[in-house]
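Enquirer: Please find protein-v5.cif (mmCIF, C-alpha atoms) on the next line:
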data_structure
loop_
_atom_site.label_atom_id
_atom_site.label_comp_id
_atom_site.auth_asym_id
_atom_site.auth_seq_id
_atom_site.Cartn_x
_atom_site.Cartn_y
_atom_site.Cartn_z
CA MET A 844 2.70 11.12 -18.51
CA LEU A 845 4.57 9.25 -15.79
CA TYR A 846 6.04 6.71 -18.21
CA ALA A 847 8.49 9.29 -19.55
CA ALA A 848 10.56 9.17 -16.36
CA GLU A 849 10.84 5.39 -16.63
CA HIS A 850 11.67 4.88 -20.29
CA GLU A 851 15.37 5.65 -19.95
CA LEU A 852 15.66 3.48 -16.83
CA HIS A 853 13.80 0.71 -18.61
CA ARG A 854 16.15 0.88 -21.59
CA GLU A 855 19.22 0.95 -19.34
CA HIS A 856 18.28 -1.70 -16.78
CA GLY A 857 15.45 -3.81 -18.14
CA LEU A 858 12.41 -4.75 -16.08
CA LEU A 859 11.42 -2.16 -13.48
CA ALA A 860 9.31 -2.83 -10.41
CA GLY A 861 7.48 -0.06 -8.60
CA VAL A 862 6.69 -0.42 -4.89
CA ASP A 863 4.38 1.55 -2.62
CA GLU A 864 2.23 1.07 0.46
CA ALA A 865 -1.08 2.15 1.92
CA GLY A 866 -2.06 2.34 5.56
CA ARG A 867 0.98 3.33 7.59
CA GLY A 868 -0.92 5.93 9.58
CA PRO A 869 -4.27 4.35 10.57
CA LEU A 870 -5.16 3.11 14.05
CA ALA A 871 -6.53 -0.17 12.66
CA GLY A 872 -6.07 -2.63 9.85
CA PRO A 873 -2.99 -3.79 7.95
CA VAL A 874 -0.31 -1.99 6.07
CA VAL A 875 -0.74 -3.11 2.46
CA VAL A 876 2.23 -3.13 0.10
CA ALA A 877 2.09 -3.57 -3.66
CA ALA A 878 4.87 -4.25 -6.17
CA VAL A 879 4.19 -3.96 -9.90
CA ILE A 880 6.08 -4.63 -13.11
CA LEU A 881 4.33 -2.71 -15.86
CA ASP A 882 4.38 -3.67 -19.52
CA HIS A 883 5.91 -0.62 -21.22
CA ASP A 884 4.44 -1.78 -24.51
CA LYS A 885 0.97 -1.40 -22.99
CA PRO A 886 0.89 1.98 -21.24
CA ILE A 887 -2.07 2.73 -18.98
CA ALA A 888 -3.50 6.22 -19.42
CA GLY A 889 -4.17 8.29 -16.32
CA LEU A 890 -1.79 6.72 -13.83
CA ASN A 891 -1.04 9.02 -10.91
CA ASP A 892 -0.45 9.10 -7.19
CA SER A 893 -3.49 7.31 -5.75
CA LYS A 894 -4.15 10.21 -3.36
CA LYS A 895 -4.75 12.49 -6.32
CA LEU A 896 -7.42 10.24 -7.86
CA THR A 897 -11.08 9.80 -7.07
CA ALA A 898 -12.20 6.47 -5.66
CA ALA A 899 -13.97 5.63 -8.92
CA ARG A 900 -10.87 6.43 -10.96
CA ARG A 901 -8.70 4.32 -8.66
CA GLU A 902 -11.05 1.39 -9.09
CA ALA A 903 -10.96 1.66 -12.88
CA LEU A 904 -7.17 1.93 -12.94
CA TYR A 905 -6.87 -0.98 -10.50
CA ASP A 906 -8.60 -3.26 -13.00
CA ALA A 907 -6.51 -1.91 -15.87
CA ILE A 908 -3.26 -2.51 -13.96
CA LEU A 909 -4.17 -6.09 -13.09
CA ALA A 910 -5.15 -6.76 -16.69
CA SER A 911 -2.01 -5.39 -18.35
CA ALA A 912 0.88 -5.58 -15.87
CA LEU A 913 3.56 -8.18 -16.49
CA ASP A 914 3.28 -9.14 -12.84
CA TRP A 915 2.13 -7.77 -9.51
CA GLU A 916 2.21 -8.83 -5.88
CA ILE A 917 0.27 -7.55 -2.86
CA VAL A 918 1.29 -8.21 0.75
CA GLU A 919 -0.69 -7.47 3.90
CA MET A 920 1.21 -6.75 7.11
CA SER A 921 -1.34 -7.26 9.87
CA ALA A 922 -2.02 -4.97 12.80
CA GLY A 923 -0.31 -7.56 14.99
CA GLU A 924 2.81 -7.50 12.82
CA VAL A 925 2.81 -3.70 12.90
CA ASP A 926 2.66 -3.79 16.71
CA GLU A 927 5.38 -6.42 16.93
CA MET A 928 7.85 -4.89 14.44
CA ASN A 929 6.83 -1.18 14.48
CA VAL A 930 5.22 0.34 11.43
CA LEU A 931 8.41 1.23 9.56
CA ARG A 932 9.95 -2.22 9.89
CA ALA A 933 6.64 -3.86 9.01
CA THR A 934 6.34 -1.69 5.90
CA LEU A 935 9.87 -2.49 4.76
CA GLU A 936 9.30 -6.20 5.38
CA GLY A 937 6.09 -6.03 3.35
CA MET A 938 8.00 -4.37 0.54
CA ARG A 939 10.66 -7.08 0.66
CA ARG A 940 8.05 -9.84 0.49
CA ALA A 941 6.16 -8.16 -2.34
CA VAL A 942 9.24 -7.69 -4.52
CA LEU A 943 10.44 -11.24 -3.89
CA GLY A 944 7.03 -12.48 -5.05
CA LEU A 945 7.40 -10.99 -8.51
CA HIS A 946 8.08 -13.20 -11.53
CA PRO A 947 10.16 -12.54 -13.48
CA ALA A 948 12.51 -10.81 -11.05
CA PRO A 949 13.02 -7.10 -11.69
CA ALA A 950 16.34 -5.64 -12.76
CA LEU A 951 15.71 -2.42 -10.80
CA VAL A 952 13.24 -1.64 -8.01
CA LEU A 953 11.82 1.85 -7.51
CA VAL A 954 10.49 2.35 -3.98
CA ASP A 955 8.34 5.28 -2.94
CA GLY A 956 9.87 7.15 0.01
CA ASN A 957 13.34 7.62 1.42
CA GLN A 958 14.16 4.15 2.76
CA LEU A 959 14.74 0.81 1.09
CA PRO A 960 13.91 -2.74 2.15
CA ASP A 961 16.61 -5.40 2.17
CA LEU A 962 16.54 -6.71 -1.40
CA PRO A 963 18.78 -8.89 -3.58
CA PHE A 964 18.19 -6.52 -6.51
CA PRO A 965 19.39 -2.98 -7.29
CA ALA A 966 16.92 -0.50 -5.82
CA ARG A 967 16.33 3.23 -5.58
CA ALA A 968 14.33 5.19 -3.02
CA GLU A 969 12.27 7.88 -4.72
CA VAL A 970 10.69 10.56 -2.56
CA LYS A 971 7.19 11.32 -3.89
CA GLY A 972 7.85 8.66 -6.49
CA ASP A 973 4.14 7.88 -6.79
CA GLY A 974 3.73 11.20 -8.60
CA ARG A 975 6.81 10.75 -10.81
CA PHE A 976 7.05 7.12 -11.92
CA ALA A 977 4.31 5.07 -13.55
CA SER A 978 5.23 1.81 -11.84
CA ILE A 979 5.19 3.38 -8.37
CA ALA A 980 1.89 5.11 -9.15
CA ALA A 981 0.46 1.75 -10.21
CA ALA A 982 1.66 0.18 -6.97
CA SER A 983 0.11 2.99 -4.96
CA ILE A 984 -3.24 2.39 -6.65
CA LEU A 985 -3.17 -1.36 -6.07
CA ALA A 986 -2.24 -0.94 -2.41
CA LYS A 987 -4.87 1.75 -1.78
CA VAL A 988 -7.76 -0.04 -3.48
CA TRP A 989 -6.87 -3.40 -1.92
CA ARG A 990 -6.71 -1.89 1.56
CA ASP A 991 -9.90 0.14 1.17
CA ARG A 992 -11.75 -3.01 0.14
CA LEU A 993 -10.35 -4.85 3.16
CA MET A 994 -11.53 -2.14 5.51
CA VAL A 995 -15.03 -2.11 4.01
CA ALA A 996 -15.19 -5.89 4.49
CA MET A 997 -13.88 -5.48 8.03
CA HIS A 998 -16.77 -3.15 8.81
CA SER A 999 -19.25 -6.02 8.48
CA ARG A 1000 -17.40 -7.89 11.24
CA TYR A 1001 -16.76 -4.89 13.49
CA PRO A 1002 -19.58 -2.44 12.68
CA LEU A 1003 -19.14 -0.31 15.80
CA TYR A 1004 -16.11 1.53 14.46
CA GLY A 1005 -17.09 2.82 11.01
CA PHE A 1006 -14.20 1.22 9.17
CA ASP A 1007 -16.12 1.53 5.90
CA ARG A 1008 -16.03 5.32 6.23
CA HIS A 1009 -12.61 6.23 7.65
CA LYS A 1010 -10.70 3.05 6.67
CA GLY A 1011 -9.12 2.86 10.12
CA TYR A 1012 -7.67 6.36 10.21
CA GLY A 1013 -7.86 8.35 13.43
CA THR A 1014 -10.86 10.52 12.73
CA GLN A 1015 -12.76 11.97 15.66
CA ALA A 1016 -15.61 9.52 15.03
CA HIS A 1017 -13.17 6.61 15.17
CA ARG A 1018 -11.55 7.90 18.36
CA ASP A 1019 -14.98 8.34 19.92
CA ALA A 1020 -15.87 4.74 18.99
CA ILE A 1021 -12.67 3.47 20.61
CA ALA A 1022 -13.46 5.44 23.76
CA ALA A 1023 -16.98 4.00 23.85
CA HIS A 1024 -16.29 0.38 22.85
CA GLY A 1025 -12.61 -0.30 23.44
CA ILE A 1026 -10.47 -1.78 20.69
CA CYS A 1027 -11.04 -4.82 18.50
CA PRO A 1028 -8.44 -7.35 17.29
CA GLN A 1029 -7.85 -5.26 14.16
CA HIS A 1030 -6.64 -2.23 16.11
CA ARG A 1031 -2.95 -1.44 16.47
CA LYS A 1032 -2.36 -1.60 20.20
CA THR A 1033 0.78 0.54 20.00
CA PHE A 1034 -0.94 3.43 18.23
CA GLY A 1035 -2.31 6.54 19.96
CA PRO A 1036 -5.66 6.04 21.70
CA CYS A 1037 -5.42 2.26 21.31
CA VAL A 1038 -2.47 1.98 23.69
CA GLU A 1039 -4.39 2.03 26.96
CA MET A 1040 -7.55 0.26 25.81
CA ARG A 1041 -8.12 -3.42 26.48
CA VAL A 1042 -9.26 -5.71 23.67
CA ARG A 1043 -12.99 -6.32 23.47
CA LEU A 1044 -13.87 -9.10 21.07
#
Let me see the file written as structure tokens.

Expert:
Amino acid sequence: MLYAAEHELHREHGLLAGVDEAGRGPLAGPVVVAAVILDHDKPIAGLNDSKKLTAARREALYDAILASALDWEIVEMSAGEVDEMNVLRATLEGMRRAVLGLHPAPALVLVDGNQLPDLPFPARAEVKGDGRFASIAAASILAKVWRDRLMVAMHSRYPLYGFDRHKGYGTQAHRDAIAAHGICPQHRKTFGPCVEMRVRL
């Protein structure tokens, strides 16, 4: 159970926040960042790296996290912000905003990956932290489910691209749609096959 890795940190520092993102790699849509402070008196069974869970399990855990967490915050960094900042800087800025939105403020922030945002709190970068720490796993689930829902909704506005199926990732079907129809305002103009295509509203 992923809570075991956090109990000692929780006892030593106090409130822990876990931070993770979804959507750094796609050709379209936002990067979504989630920050979560779990209630260690109300453990959630089955937390894990969102990539290791089925969609149905992620949805169920998403509801459980929202119902029992002490606080959570989700930030969307738009495709335009990704293009303007670059994806790493946009992700780190989303992490900063998400953590600053938490109340109460955490005593220690655990961030999935090997880089940290600029924060006024102690923080640790944890490589593959979403498979080792409950709070990071919870953040990964919130970010993934939130972004998947956004991309399904986006499909109704831009049905030519199949966002409901590939969620903006660079599948062959998505690349073929870009070649046939150009890019829409939700595409990242600095990414791969989007670079040379003009916007078609």

Enquirer: What lies within 10 Å of Pro963 (chain A) using all atoms listed in the file, ignoring chain neighbours under 6 positions off, as a list in words?

Expert: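 Returned residues: Arg939, Val942, Leu943 and Ala948 of chain A.
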
Enquirer: If we count only C-alpha atoms and set the cut-off at 6 Å, which residues sit around region 876-881 of chain A, ignoring sequence neighbours fewer than 2 positions away in its own chain? Please answer as a VMD selection string.

Expert: chain A and resid 859 to 864 883 912 to 918 937 to 938 941 to 942 982 986

Enquirer: Write out as a PyMOL selection string the residues lying within 9 Å of region 1011-1017 of chain A, counting all atoms listed in the file and excluding same-chain residues fewer than 4 positions away.

Expert: chain A and resi 866+868-872+994+1004-1007+1021-1022+1030+1035-1036

Enquirer: Could you list, as number ranges by chain, every residue matched by the PyMOL selection byres ((chain A and resi 848-857) around 12) in this structure?

Expert: A: 844-847, 858-861, 880-884, 886, 947-953, 964-967, 969, 972-980

Enquirer: Write out the residues from the selection above, keeping C-alpha atoms, as a PDB file, in the frame of the given file.

Expert:
ATOM      1  CA  MET A 844       2.700  11.120 -18.510  1.00  0.00           C
ATOM      2  CA  LEU A 845       4.570   9.250 -15.790  1.00  0.00           C
ATOM      3  CA  TYR A 846       6.040   6.710 -18.210  1.00  0.00           C
ATOM      4  CA  ALA A 847       8.490   9.290 -19.550  1.00  0.00           C
ATOM      5  CA  LEU A 858      12.410  -4.750 -16.080  1.00  0.00           C
ATOM      6  CA  LEU A 859      11.420  -2.160 -13.480  1.00  0.00           C
ATOM      7  CA  ALA A 860       9.310  -2.830 -10.410  1.00  0.00           C
ATOM      8  CA  GLY A 861       7.480  -0.060  -8.600  1.00  0.00           C
ATOM      9  CA  ILE A 880       6.080  -4.630 -13.110  1.00  0.00           C
ATOM     10  CA  LEU A 881       4.330  -2.710 -15.860  1.00  0.00           C
ATOM     11  CA  ASP A 882       4.380  -3.670 -19.520  1.00  0.00           C
ATOM     12  CA  HIS A 883       5.910  -0.620 -21.220  1.00  0.00           C
ATOM     13  CA  ASP A 884       4.440  -1.780 -24.510  1.00  0.00           C
ATOM     14  CA  PRO A 886       0.890   1.980 -21.240  1.00  0.00           C
ATOM     15  CA  PRO A 947      10.160 -12.540 -13.480  1.00  0.00           C
ATOM     16  CA  ALA A 948      12.510 -10.810 -11.050  1.00  0.00           C
ATOM     17  CA  PRO A 949      13.020  -7.100 -11.690  1.00  0.00           C
ATOM     18  CA  ALA A 950      16.340  -5.640 -12.760  1.00  0.00           C
ATOM     19  CA  LEU A 951      15.710  -2.420 -10.800  1.00  0.00           C
ATOM     20  CA  VAL A 952      13.240  -1.640  -8.010  1.00  0.00           C
ATOM     21  CA  LEU A 953      11.820   1.850  -7.510  1.00  0.00           C
ATOM     22  CA  PHE A 964      18.190  -6.520  -6.510  1.00  0.00           C
ATOM     23  CA  PRO A 965      19.390  -2.980  -7.290  1.00  0.00           C
ATOM     24  CA  ALA A 966      16.920  -0.500  -5.820  1.00  0.00           C
ATOM     25  CA  ARG A 967      16.330   3.230  -5.580  1.00  0.00           C
ATOM     26  CA  GLU A 969      12.270   7.880  -4.720  1.00  0.00           C
ATOM     27  CA  GLY A 972       7.850   8.660  -6.490  1.00  0.00           C
ATOM     28  CA  ASP A 973       4.140   7.880  -6.790  1.00  0.00           C
ATOM     29  CA  GLY A 974       3.730  11.200  -8.600  1.00  0.00           C
ATOM     30  CA  ARG A 975       6.810  10.750 -10.810  1.00  0.00           C
ATOM     31  CA  PHE A 976       7.050   7.120 -11.920  1.00  0.00           C
ATOM     32  CA  ALA A 977       4.310   5.070 -13.550  1.00  0.00           C
ATOM     33  CA  SER A 978       5.230   1.810 -11.840  1.00  0.00           C
ATOM     34  CA  ILE A 979       5.190   3.380  -8.370  1.00  0.00           C
ATOM     35  CA  ALA A 980       1.890   5.110  -9.150  1.00  0.00           C
TER      36      ALA A 980
END

Enquirer: Using all atoms listed in the file, which residue out of A:Lys987, A:Lys885, A:Arg932, A:Lys895 lies closest to Ser911 (chain A)?

Expert: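 When distances to Ser911 (chain A) are compared using all atoms listed in the file, the smallest one comes from A:Lys885.
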
Enquirer: Quick one: residues within 8 Å of Leu904 (chain A), all atoms listed in the file, excluding same-chain residues fewer than 4 positions away - as a short mmCIF file (atom, residue, chain, number, x, y, z; two decimals) with C-alpha atoms, in the frame of the given file?

Expert:
data_model
loop_
_atom_site.label_atom_id
_atom_site.label_comp_id
_atom_site.auth_asym_id
_atom_site.auth_seq_id
_atom_site.Cartn_x
_atom_site.Cartn_y
_atom_site.Cartn_z
CA ILE A 887 -2.07 2.73 -18.98
CA GLY A 889 -4.17 8.29 -16.32
CA LEU A 890 -1.79 6.72 -13.83
CA ARG A 900 -10.87 6.43 -10.96
CA ILE A 908 -3.26 -2.51 -13.96
CA ILE A 984 -3.24 2.39 -6.65
#

Enquirer: Could you check how far CA of Ala888 (chain A) sits from CA of Asp991 (chain A), in Å to one decimal?

Expert: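 Here the two named atoms are 22.4 Å from each other.
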
Enquirer: Given 6 Å of margin on each side, can you work out the centre and size in Å (one decimal) of an axis-aligned box holding every listed atom of region 998-1005 of chain A, as lines of an AutoDock Vina configuration file?

Expert:
center_x = -17.8
center_y = -2.5
center_z = 12.1
size_x = 15.5
size_y = 22.7
size_z = 19.3

Enquirer: Do you know which residues the PyMOL selection byres ((chain A and resi 901) around 10) returns on this file, as an MDAnalysis selection string?

Expert: chainID A and resid 889:900 902:907 981 983:985 987:988

Enquirer: What's the separation between CA of Arg990 (chain A) and CA of Leu959 (chain A), in Å to one decimal place?

Expert: 21.6 Å

Enquirer: Taking all atoms listed in the file into account, which of A:Gly956, A:Pro873, A:Arg867, A:His946 comes nearest Leu993 (chain A)?

Expert: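 For Leu993 (chain A), the nearest of the candidates is A:Pro873.
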
Enquirer: Suppose you want the space between CA of Leu962 (chain A) and CA of Glu924 (chain A); what is it in Å?

Expert: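 About the pair CA of Leu962 (chain A) and CA of Glu924 (chain A): they are 19.8 Å apart.
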
Enquirer: From the set A:Ala968, A:Leu1003, A:Val995, A:Val954, which residue has the shortest atom-to-atom contact distance to Gly1025 (chain A), counting all atoms listed in the file?

Expert: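 The answer is A:Leu1003, which sits nearest to Gly1025 (chain A).
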
Enquirer: Considering only C-alpha atoms, can you say which of A:Gln958, A:Arg992, A:Ala1023, A:Leu931 comes closest to His1009 (chain A)?

Expert: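 Counting only C-alpha atoms, the residue closest to His1009 (chain A) is A:Arg992.
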